[in-house]
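Asks: Once you've had a glance at the structure underneath, I'll fire off some questions.
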Amino acid sequence: MAIEAPSSSSSSFFSPWPDRLRNAAFILAVAAAALAFLVLVDELSPLRAGAAFLCIAAAALVPWRLNNATASRDDVRGVNPVEAAVVSAVVAGMPDPAVLLDRAGRVIHLNLAASQLAPALRKNELAQFALRSPEIITALREAIATSEPRRATYLDHVPVDRWMELIITPVPVPSAFGGVEKCMLMTFHDQTPLRRVEEMRADFVANASHELRTPLAALSGFIDTLQGPAKDDAKARERFLSIMHAQATRMARLIDDLLSLSRVELSAHVRPDTSIDIVPIIRQVADGLEPLARERQVLVEIDLPEKPVQIAGDREELLRLFENLIENALKYGAAGGKVIVSLSTATSGEGAPEIRVMVRDFGPGIAPEHLPRLTERFYRVDVGDSRSQGGTGLGLSLVKHILNRHRGRLLIESVPRHGATFTACFPQPKSSFPA
Ligand SMILES: Nc1ncnc2c1ncn2[C@@H]1O[C@H](COP(=O)(O)OP(=O)(O)O)[C@@H](O)[C@H]1O
Ligand SMILES: [Mg+2]
C-alpha cells in the first residue's frame with residue numbers, strides 16, 4: 001500500500017465528505033429553498049438557479065480550515081486550542097520518545113525524547129522521510145492502511161547500537177468539524193537492557209552447562225576405561241581414580257560457586273547490618289591458605305592493624321571474598337614469590353571514608369584489555385591455566401557481587417610483568433573505626 005502523498009490542496013486533517021455534507025446540510029437546505037422560491041416567482045431561470053446552488057454547495061463544502069490552517073501551525077490541526085494544548089502536553093510529557101502523526105504520517109507533535117532519537121523529524125513533515133529504518137516504514141504503512149496497531153523492533157546504530165521497539169497506536173483526536181480524526185501515536189521503547197539480560201542469561205546457562213559437561217565427560221570416559229581395557233591394570237586404576245577425584249572436585253567447586261553466586265544475588269538488595277571485625281576474618285583466610293602458599297613457595301606478608309576494624313558485613317560472604325582474592329594472588333601471581341595483604345583507610349572519589357583491603361602480588365600481572373571483563377562470570381585470561389589450577393572463572397564475579405551487597409567496590413590495578421593489586425573497598429561505618 002502506498003503512503004498518502006502530501007498535497008497542498010488536500011489535507012488528511014479535513015473531515016471526510018459525509019461529515020462535511022452533514023455540517024453544511026442546513027446552509028444547503030436554506031439555499032435550495034431560496035433558489036426554488038425565486039424560480040417559482042419567475043425571478044430566476046432554473047438553469048441559473050442550478051448554477052447558483054452548485055456554487056453555494058461548493059463554497060459550503062470547502063473546508064474553512066484552509067483559510068485558517070496557518071493560524072496555529074504548532075497546535076494539533078483542526079482541534080480547538082485547549083484540546084490541542086492538552087494533546088501536545090500529553091505527548092510532551094511521555095517519558096519515552098513519542099510522536100503524534102496525522103493519518104498520512106505527517107508529524108503533528110513530538111516530544112524532546114523523539115527529536116533526540118530522530119533529529120530529522122519535523123512538525124508538519126512526513127515522518128517517513130525522517131525515519132529511515134525499513135522496519136519503521138513498513139509498520140507505519142501498515143498502520144496507515146489498516147488503522148490497526150503495529151509493533152516493530154529494529155536496531156538503531158546512532159549514537160550507539162540499541163534495540164528499539166516501536167509501537168504505533170491509532171488514536172482518535174477530536175476534529176474541528178465535530179467528528180474525530182484517526183491520528184497515530186508512535187512510541188519508541190529502548191529494549192537494549194532487556195535484551196542484554198536475556199543474552200546474559202542464555203550465555204550463563206550455556207557456559208555453566210559447558211563447564212559442567214567437560215568434567216562429566218572426563219569422568220564417564222574414565223569409568224568406561226576402568227570397566228573395559230584397564231579393568232585389571234592396578235597402576236592405571238590408581239592414576240585414573242586420582243584424575244576422576246580431581247574432576248569430581250572441580251564439579252563440586254563449580255556447583256558451590258554457582259550456588260554462592262545465586263545466594264548473593266538473591267539478597268543483593270539487602271545490605272548486611274551486622275557489625276563485624278574484618279581483621280580476624282582476613283587472618284583466618286590467610287591462615288587457611290598457608291598450605292597453598294607453601295606449595296607455591298610464596299611469602300604472604302600480612303599488614304593489618306592491631307585494633308578491631310568494624311564494618312557492616314556478612315561473615316560468610318567476607319570469608320569467600322578474601323579467600324578468592326588471596327587464592328588468586330597465590331595461584332596466578334606465584335611467580336612473584338610474594339603477596340602482601342594490607343588494610344588502610346582512604347577517601348572514595350565522592351569524598352566518603354572507606355576501609356580498603358588490598359591484596360597485592362608481584363606475578364605476571366594482567367594485560368589492560370582484560371581488566372574491565374575480569375568480574376564477568378566465567379571470564380578468564382587463560383582458560384587452560386585457570387582450569388589446571390582448579391578455577392571456575394566465577395571467583396571475581398562473586399567478589400564483585402559480595403562487594404555490591406556491602407555497598408562497596410572492587411578496584412583492580414595491574415602493570416603487566418609487575419603484578420596485580422585487587423582492592424576491596426567498604427564504606428566506613430559512621431560510628432567506629434580505630435585511629
Ligand atoms: N592476581 C592475579 N594475577 C593475574 N591474573 C589474575 C589474578 N587474579 C585473577 N586473575 C585472572 O582473572 C581470571 C578470573 O579470576 P576468577 O574470577 O577468580 O576465576 P578463576 O580463578 O576461577 O579462574 C583468572 O582466570 C585469571 O586469569
Ligand atoms: Mg579465582
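We name chains A, B, ... following the order of the C-alpha cells; residues begin at 1 in each chain, and ligands are numbered from 1 as shown.
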Taking only C-alpha atoms and all ligand atoms into account, which residues have an atom no farther than 8 Å from ligand 2? I'd like them as a short mmCIF file (atom, residue, chain, number, x, y, z; two decimals) with N, CA and C atoms, in the first residue's frame.
Replies:
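Result file out-v8.cif:
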```
data_model
loop_
_atom_site.label_atom_id
_atom_site.label_comp_id
_atom_site.auth_asym_id
_atom_site.auth_seq_id
_atom_site.Cartn_x
_atom_site.Cartn_y
_atom_site.Cartn_z
N ASN A 324 38.89 -15.67 47.80
CA ASN A 324 39.06 -15.59 46.35
C ASN A 324 40.22 -14.69 45.97
N LEU A 325 40.31 -13.52 46.62
CA LEU A 325 41.36 -12.57 46.23
C LEU A 325 42.75 -13.11 46.58
N GLU A 327 43.63 -16.28 47.21
CA GLU A 327 43.91 -17.50 46.45
C GLU A 327 44.33 -17.16 45.02
N ASN A 328 43.64 -16.20 44.40
CA ASN A 328 44.03 -15.77 43.05
C ASN A 328 45.47 -15.28 43.04
N SER A 386 43.58 -21.40 34.25
CA SER A 386 42.60 -21.35 35.33
C SER A 386 42.11 -22.77 35.66
N GLY A 391 40.31 -23.56 38.83
CA GLY A 391 39.46 -22.36 38.80
C GLY A 391 38.14 -22.60 38.08
N THR A 392 37.16 -21.77 38.40
CA THR A 392 35.86 -21.89 37.73
C THR A 392 35.53 -20.65 36.91
N GLY A 393 36.29 -19.58 37.10
CA GLY A 393 36.00 -18.33 36.40
C GLY A 393 34.87 -17.56 37.06
N LEU A 394 34.46 -17.99 38.25
CA LEU A 394 33.34 -17.32 38.92
C LEU A 394 33.81 -16.50 40.13
N GLY A 395 35.09 -16.69 40.53
CA GLY A 395 35.58 -16.09 41.77
C GLY A 395 35.42 -14.58 41.83
N LEU A 396 35.93 -13.88 40.81
CA LEU A 396 35.88 -12.41 40.86
C LEU A 396 34.46 -11.89 40.67
#
```
Asks: Please check which protein, DNA or RNA residues sit within 8 Å of ligand 1, counting only C-alpha atoms and all ligand atoms, and write them as a PyMOL selection string.
Replies: chain A and resi 324-333+360-361+363-366+374-383+385-387+389-398+419-422
Asks: Taking only C-alpha atoms into account, which of A:Arg283, A:His370, A:Lys400, A:Arg106 comes nearest Phe129 in chain A?
Replies: A:Arg106
Asks: When distances are computed from only C-alpha atoms, which of A:Ala346, A:Ala52, A:Gln227, A:Val357 shows the smallest separation from Leu38 in chain A?
Replies: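 Looking at the shortest contact to Leu38 in chain A, the residue is A:Ala52.
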Asks: Could you check the closest approach to Ala143 in chain A for each of A:Pro193, A:Pro305, A:Pro172, A:Gly105 and tell me which residue wins, using only C-alpha atoms?
Replies: A:Gly105
Asks: Could you tell me which of A:Pro95, A:Ile311, A:Arg151, A:Gln191 comes closest to Arg356 in chain A if we count only C-alpha atoms?
Replies: A:Ile311
Asks: Need the shell around Arg409 in chain A: protein/DNA/RNA residues with any atom at most 9 Å away, counting only C-alpha atoms. Skip same-chain ones fewer than 3 positions apart. Format as a list of chain:residue names?
Replies: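 The contact residues come out as A:Lys400, A:Leu403, A:Asn404, A:His406, A:Thr423, A:Ala424, A:Cys425, A:Phe426, A:Pro427.
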Asks: Selection from above, C-alpha atoms, as a PDB file, in the first residue's frame, can you write it?
Replies:
```pdb
ATOM      1  CA  LYS A 400      32.030  -8.129  42.873  1.00  0.00           C
ATOM      2  CA  LEU A 403      31.056  -6.064  47.484  1.00  0.00           C
ATOM      3  CA  ASN A 404      27.943  -4.672  45.782  1.00  0.00           C
ATOM      4  CA  HIS A 406      28.110  -4.499  51.112  1.00  0.00           C
ATOM      5  CA  THR A 423      41.435  -3.731  46.468  1.00  0.00           C
ATOM      6  CA  ALA A 424      38.130  -4.366  48.207  1.00  0.00           C
ATOM      7  CA  CYS A 425      36.695  -1.031  49.396  1.00  0.00           C
ATOM      8  CA  PHE A 426      33.993  -0.948  52.096  1.00  0.00           C
ATOM      9  CA  PRO A 427      32.124   2.128  53.244  1.00  0.00           C
TER      10      PRO A 427
END
```
Asks: Give me, as a ChimeraX atom specification, all polymer residues having an atom no more than 9 Å from Leu131 in chain A, counting only C-alpha atoms and skipping those fewer than 5 positions away in the same chain.
Replies: /A:118,120-121,136-137
Asks: Please save C-alpha atoms of the selected residues as a PDB file, in the first residue's frame.
Replies:
```pdb
ATOM      1  CA  ALA A 118      15.394  11.136  15.313  1.00  0.00           C
ATOM      2  CA  ALA A 120      15.359  14.760  11.276  1.00  0.00           C
ATOM      3  CA  LEU A 121      11.722  14.618  12.487  1.00  0.00           C
ATOM      4  CA  ILE A 136       9.524   1.585  10.883  1.00  0.00           C
ATOM      5  CA  ILE A 137       8.404   2.490   7.366  1.00  0.00           C
TER       6      ILE A 137
END
```
Asks: So that I can check the secondary structure, give me every residue of range 31-130 of chain A assigned strand (DSSP E or B) by backbone DSSP, as a compact mmCIF listing (two decimals) with N, CA, C and O atoms, in the first residue's frame.
Replies:
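Listed below is the output, states_27.txt:
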```
# COMPACT_ATOMS: atom_id res chain seq x y z
N ALA A 98 7.96 9.98 21.77
CA ALA A 98 6.58 9.84 21.28
C ALA A 98 6.32 10.86 20.18
O ALA A 98 6.77 12.01 20.26
N VAL A 99 5.61 10.41 19.14
CA VAL A 99 5.31 11.28 18.00
C VAL A 99 3.84 11.08 17.65
O VAL A 99 3.38 9.95 17.51
N LEU A 100 3.10 12.19 17.53
CA LEU A 100 1.71 12.11 17.10
C LEU A 100 1.67 12.45 15.62
O LEU A 100 2.19 13.50 15.20
N LEU A 101 1.09 11.53 14.83
CA LEU A 101 1.05 11.73 13.38
C LEU A 101 -0.39 11.84 12.92
O LEU A 101 -1.29 11.24 13.53
N ARG A 106 2.04 12.56 8.76
CA ARG A 106 2.68 13.87 8.95
C ARG A 106 2.74 14.16 10.45
O ARG A 106 1.79 13.88 11.18
N VAL A 107 3.89 14.71 10.89
CA VAL A 107 4.09 14.93 12.33
C VAL A 107 3.23 16.10 12.82
O VAL A 107 3.31 17.20 12.30
N ILE A 108 2.38 15.82 13.80
CA ILE A 108 1.58 16.87 14.43
C ILE A 108 2.31 17.37 15.66
O ILE A 108 2.44 18.56 15.89
N HIS A 109 2.81 16.43 16.43
CA HIS A 109 3.54 16.83 17.62
C HIS A 109 4.56 15.76 17.96
O HIS A 109 4.34 14.59 17.71
N LEU A 110 5.69 16.20 18.55
CA LEU A 110 6.69 15.22 19.00
C LEU A 110 7.33 15.75 20.26
O LEU A 110 7.37 16.97 20.48
N LEU A 126 6.38 14.75 6.75
CA LEU A 126 6.11 13.31 6.82
C LEU A 126 7.19 12.59 7.63
O LEU A 126 8.39 12.76 7.37
```
Asks: With a distance cut-off of 10 Å and only C-alpha atoms, select the neighbouring residues of Gly93 in chain A, excluding the residue or stretch itself and same-chain residues fewer than 4 positions from it, and output the selection as number ranges by chain.
Replies: A: 87-89, 97-98, 111-113
Asks: Find the residues around Ile56 in chain A up to 10 Å (only C-alpha atoms counted), leave out those fewer than 3 positions away in its own chain, and share them as a VMD selection string.
Replies: chain A and resid 27 to 28 31 to 32 50 to 53 59 to 61
Asks: Those same residues, written as a compact mmCIF listing (two decimals), in the first residue's frame with N, CA, C and O atoms?
Replies:
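The result, written out as again_4.txt:
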```
# COMPACT_ATOMS: atom_id res chain seq x y z
N ILE A 27 -27.20 24.95 5.61
CA ILE A 27 -26.93 26.02 4.62
C ILE A 27 -27.49 25.61 3.26
O ILE A 27 -28.15 26.40 2.56
N LEU A 28 -27.24 24.36 2.88
CA LEU A 28 -27.68 23.90 1.57
C LEU A 28 -29.21 23.87 1.47
O LEU A 28 -29.79 24.25 0.43
N ALA A 31 -30.41 27.48 1.11
CA ALA A 31 -30.08 27.98 -0.23
C ALA A 31 -31.04 27.38 -1.26
O ALA A 31 -31.56 28.08 -2.15
N ALA A 32 -31.29 26.04 -1.15
CA ALA A 32 -32.18 25.37 -2.11
C ALA A 32 -33.59 25.96 -2.04
O ALA A 32 -34.22 26.23 -3.08
N GLY A 50 -29.81 26.52 -10.75
CA GLY A 50 -28.98 25.31 -10.56
C GLY A 50 -27.52 25.68 -10.41
O GLY A 50 -26.81 25.18 -9.53
N ALA A 51 -27.05 26.61 -11.29
CA ALA A 51 -25.64 27.02 -11.24
C ALA A 51 -25.34 27.67 -9.90
O ALA A 51 -24.30 27.41 -9.27
N ALA A 52 -26.30 28.55 -9.44
CA ALA A 52 -26.07 29.24 -8.16
C ALA A 52 -26.00 28.23 -7.02
O ALA A 52 -25.15 28.35 -6.12
N PHE A 53 -26.88 27.21 -7.07
CA PHE A 53 -26.87 26.21 -5.98
C PHE A 53 -25.53 25.47 -5.93
O PHE A 53 -24.95 25.25 -4.87
N ALA A 59 -18.93 26.23 -2.11
CA ALA A 59 -18.37 27.11 -1.07
C ALA A 59 -18.58 26.52 0.32
O ALA A 59 -17.71 26.60 1.19
N ALA A 60 -19.78 25.92 0.51
CA ALA A 60 -20.09 25.38 1.85
C ALA A 60 -19.25 24.15 2.17
O ALA A 60 -18.92 23.90 3.33
N LEU A 61 -18.92 23.41 1.10
CA LEU A 61 -18.20 22.15 1.38
C LEU A 61 -16.68 22.32 1.46
O LEU A 61 -15.99 21.45 1.98
```
Asks: Which residue is closest to Glu323 in chain A? Choose from A:Pro170, A:Gly337, A:Gly288, A:Pro353 and count only C-alpha atoms.
Replies: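 Ranking A:Pro170, A:Gly337, A:Gly288, A:Pro353 by distance to Glu323 in chain A, first place goes to A:Gly288.
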